[in-house]
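Notes follow once the structure below has been shown.
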Amino acid sequence: MIANPVTLPLSGYQAQHLRLAVNGKVATLTLNRPDKKNPLTFESYAEIASIFRAAARDKTVKAFVISGEGGNFCSGGDVFEIIGPLVEMNTVDLLEFTRMTGEAVKAMRQCPQPIIAAIDGICAGAGAILAMASDLRVGTARAKVAFLFNRVGLAGCDMGACAILPRIIGQGRASELLYTGRVMSGEEAERWGFFNRLTPPDGVLAEAAGLAQELADGPTFANAMTKRMLEMEWAMSVEQAIEAEAVAQALCMETEDFARAFRAFAAKQKPVFEGN
């Protein structure tokens, strides 16, 4: 379950269990097993975690897109390559596996770059978790999102679902999806706030890439701070959060991007941020 070390820069790394492409400041991860609706394997779980861990040290990549090939996002863990072997494992090995899958979510939430998921078609099980762990989600009306763990006799509390999903769509709605494992349609996902926006299927990847480029062209030090504060403040009191934001904003005010924005405003120009 250990992936080969990810080398930097990410633009030069050849992913083995998914496709990684870097275009300027935006990196795109594509789950590319379309014949099976892009399921995850032990190896792809580990490589996803390794890539996002390495991203914290890559100074050129400023935003990520994660998508699936062939009209689907991800069908979850591969039934034969993952689910079958799990049935034969003992408790120690099973715990090693569940902790390993959780590392992918931890890495996604802890990397400083915003992650935009482009979601079309099937987005189920661990695939729904990857979408959930992203910062923003662009979907289609035909998307089918399902946290279907209880359909296979498991609890809905997988890979952080009980902590993160209620933050996105609310406790009651999250409870319904996690207890029933039912499919959430694309339109329902947008209405409930799981999808930030809906686009036609042939435009979902371009929409996500455009949004990633917009963020990558922004004040990326400040964007990373926003991501960090969104993660930390859930466990803070309001007073603690206000104090933490005071420190964070003071740090951002020391950046060149803040000074650039002021100079551009004074000159009635659009600021060109450089992320420092």
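Within each chain, counting starts at residue 1; across the structure tokens, chains are named A, B, ... in the order shown, with ligands numbered 1 upward in that order.
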Item to complete: Name the residues of range 123-253 of chain A that fall into alpha helix (DSSP H) according to DSSP on the backbone, using the chain letters and numbers of this document, as JSON, numbers by chain.
Response: {"A": [126, 127, 128, 129, 130, 131, 132, 133, 161, 162, 163, 164, 165, 166, 167, 168, 169, 171, 172, 173, 174, 175, 176, 177, 178, 179, 180, 186, 187, 188, 189, 190, 191, 192, 204, 205, 206, 207, 208, 209, 210, 211, 212, 213, 214, 215, 216, 220, 221, 222, 223, 224, 225, 226, 227, 228, 229, 230, 231, 232, 238, 239, 240, 241, 242, 243, 244, 245, 246, 247, 248, 249, 250, 251, 252, 253]}
Counting only C-alpha atoms, which residues of range 167-249 of chain A fall within 7 Å of range 47-70 of chain A, and what is the closest atom pair for each with its distance in Å at one decimal, ordered by chain and rising number, as a Markdown table?
| residue | atom | partner | partner_atom | distance |
| --- | --- | --- | --- | --- |
| A:Ala208 | CA | A:Val65 | CA | 6.6 |
| A:Ala209 | CA | A:Val65 | CA | 6.4 |
| A:Ala212 | CA | A:Ala63 | CA | 5.6 |
| A:Leu215 | CA | A:Ala63 | CA | 6.8 |
| A:Ala216 | CA | A:Lys62 | CA | 4.9 |
| A:Thr220 | CA | A:Lys62 | CA | 6.7 |
Write out the residues from the selection above, keeping N, CA and C atoms, as a short mmCIF file (atom, residue, chain, number, x, y, z; two decimals), in the first residue's frame.
data_model
loop_
_atom_site.label_atom_id
_atom_site.label_comp_id
_atom_site.auth_asym_id
_atom_site.auth_seq_id
_atom_site.Cartn_x
_atom_site.Cartn_y
_atom_site.Cartn_z
N ALA A 208 -14.11 23.69 -14.41
CA ALA A 208 -13.28 23.46 -13.24
C ALA A 208 -11.87 24.00 -13.47
N ALA A 209 -11.33 23.79 -14.66
CA ALA A 209 -9.99 24.27 -14.98
C ALA A 209 -9.94 25.80 -14.98
N ALA A 212 -9.94 26.88 -11.42
CA ALA A 212 -8.62 26.64 -10.84
C ALA A 212 -7.62 27.69 -11.31
N LEU A 215 -8.13 30.96 -9.46
CA LEU A 215 -7.55 30.92 -8.12
C LEU A 215 -6.03 30.93 -8.18
N ALA A 216 -5.47 30.21 -9.16
CA ALA A 216 -4.01 30.17 -9.30
C ALA A 216 -3.43 31.53 -9.66
N THR A 220 -2.07 33.76 -4.00
CA THR A 220 -2.08 32.36 -3.58
C THR A 220 -1.60 32.15 -2.14
#
Worksheet entry | Nearby residues (only C-alpha atoms) at most 12 Å from Gln16 in chain A, same-chain spacing under 5 positions excluded, as a PyMOL selection string | chain A and resi 3-6+29-32+41+43-48+50-51
Worksheet item: as a VMD selection string, which residues of range 126-257 of chain A does DSSP assign to strand (DSSP E)?
Response: chain A and resid 136 to 139 144 to 146 183 to 185 197 to 198
May I have the selected residues written with N, CA, C and O atoms, as a PDB file, in the first residue's frame?
ATOM      1  N   LEU A 136     -13.768  22.946  -3.824  1.00  0.00           N
ATOM      2  CA  LEU A 136     -14.904  23.373  -4.629  1.00  0.00           C
ATOM      3  C   LEU A 136     -15.271  22.233  -5.568  1.00  0.00           C
ATOM      4  O   LEU A 136     -14.409  21.430  -5.942  1.00  0.00           O
ATOM      5  N   ARG A 137     -16.548  22.184  -5.958  1.00  0.00           N
ATOM      6  CA  ARG A 137     -17.026  21.094  -6.813  1.00  0.00           C
ATOM      7  C   ARG A 137     -17.878  21.667  -7.940  1.00  0.00           C
ATOM      8  O   ARG A 137     -18.861  22.378  -7.687  1.00  0.00           O
ATOM      9  N   VAL A 138     -17.482  21.353  -9.175  1.00  0.00           N
ATOM     10  CA  VAL A 138     -18.267  21.690 -10.356  1.00  0.00           C
ATOM     11  C   VAL A 138     -18.890  20.389 -10.848  1.00  0.00           C
ATOM     12  O   VAL A 138     -18.179  19.406 -11.063  1.00  0.00           O
ATOM     13  N   GLY A 139     -20.204  20.362 -11.005  1.00  0.00           N
ATOM     14  CA  GLY A 139     -20.876  19.126 -11.379  1.00  0.00           C
ATOM     15  C   GLY A 139     -21.779  19.281 -12.584  1.00  0.00           C
ATOM     16  O   GLY A 139     -21.905  20.366 -13.162  1.00  0.00           O
ATOM     17  N   LYS A 144     -24.296  11.515 -10.387  1.00  0.00           N
ATOM     18  CA  LYS A 144     -24.955  10.716  -9.357  1.00  0.00           C
ATOM     19  C   LYS A 144     -23.975  10.519  -8.206  1.00  0.00           C
ATOM     20  O   LYS A 144     -23.002   9.777  -8.321  1.00  0.00           O
ATOM     21  N   VAL A 145     -24.248  11.207  -7.097  1.00  0.00           N
ATOM     22  CA  VAL A 145     -23.353  11.190  -5.941  1.00  0.00           C
ATOM     23  C   VAL A 145     -23.956  10.287  -4.868  1.00  0.00           C
ATOM     24  O   VAL A 145     -25.110  10.467  -4.479  1.00  0.00           O
ATOM     25  N   ALA A 146     -23.189   9.331  -4.381  1.00  0.00           N
ATOM     26  CA  ALA A 146     -23.709   8.403  -3.376  1.00  0.00           C
ATOM     27  C   ALA A 146     -22.622   8.014  -2.385  1.00  0.00           C
ATOM     28  O   ALA A 146     -21.567   7.507  -2.780  1.00  0.00           O
ATOM     29  N   VAL A 183     -28.683   7.817  -3.802  1.00  0.00           N
ATOM     30  CA  VAL A 183     -28.054   8.682  -4.793  1.00  0.00           C
ATOM     31  C   VAL A 183     -28.580  10.109  -4.657  1.00  0.00           C
ATOM     32  O   VAL A 183     -29.784  10.336  -4.523  1.00  0.00           O
ATOM     33  N   MET A 184     -27.680  11.063  -4.679  1.00  0.00           N
ATOM     34  CA  MET A 184     -28.015  12.483  -4.735  1.00  0.00           C
ATOM     35  C   MET A 184     -27.796  12.936  -6.182  1.00  0.00           C
ATOM     36  O   MET A 184     -26.683  12.821  -6.716  1.00  0.00           O
ATOM     37  N   SER A 185     -28.831  13.407  -6.826  1.00  0.00           N
ATOM     38  CA  SER A 185     -28.715  13.836  -8.218  1.00  0.00           C
ATOM     39  C   SER A 185     -27.884  15.104  -8.321  1.00  0.00           C
ATOM     40  O   SER A 185     -27.660  15.813  -7.336  1.00  0.00           O
ATOM     41  N   ARG A 197     -21.515  24.773  -8.588  1.00  0.00           N
ATOM     42  CA  ARG A 197     -22.202  25.170  -9.819  1.00  0.00           C
ATOM     43  C   ARG A 197     -22.403  23.954 -10.702  1.00  0.00           C
ATOM     44  O   ARG A 197     -21.695  22.956 -10.560  1.00  0.00           O
ATOM     45  N   LEU A 198     -23.382  24.066 -11.599  1.00  0.00           N
ATOM     46  CA  LEU A 198     -23.663  23.020 -12.582  1.00  0.00           C
ATOM     47  C   LEU A 198     -23.279  23.505 -13.974  1.00  0.00           C
ATOM     48  O   LEU A 198     -23.461  24.688 -14.303  1.00  0.00           O
TER      49      LEU A 198
END
Worksheet item: Which polymer residues have any atom within 8 Å of an atom of Lys270 in chain A, counting only C-alpha atoms, with same-chain residues fewer than 3 positions away left out, as a list in words?
Response: Ala261, Ala264 and Phe265 of chain A
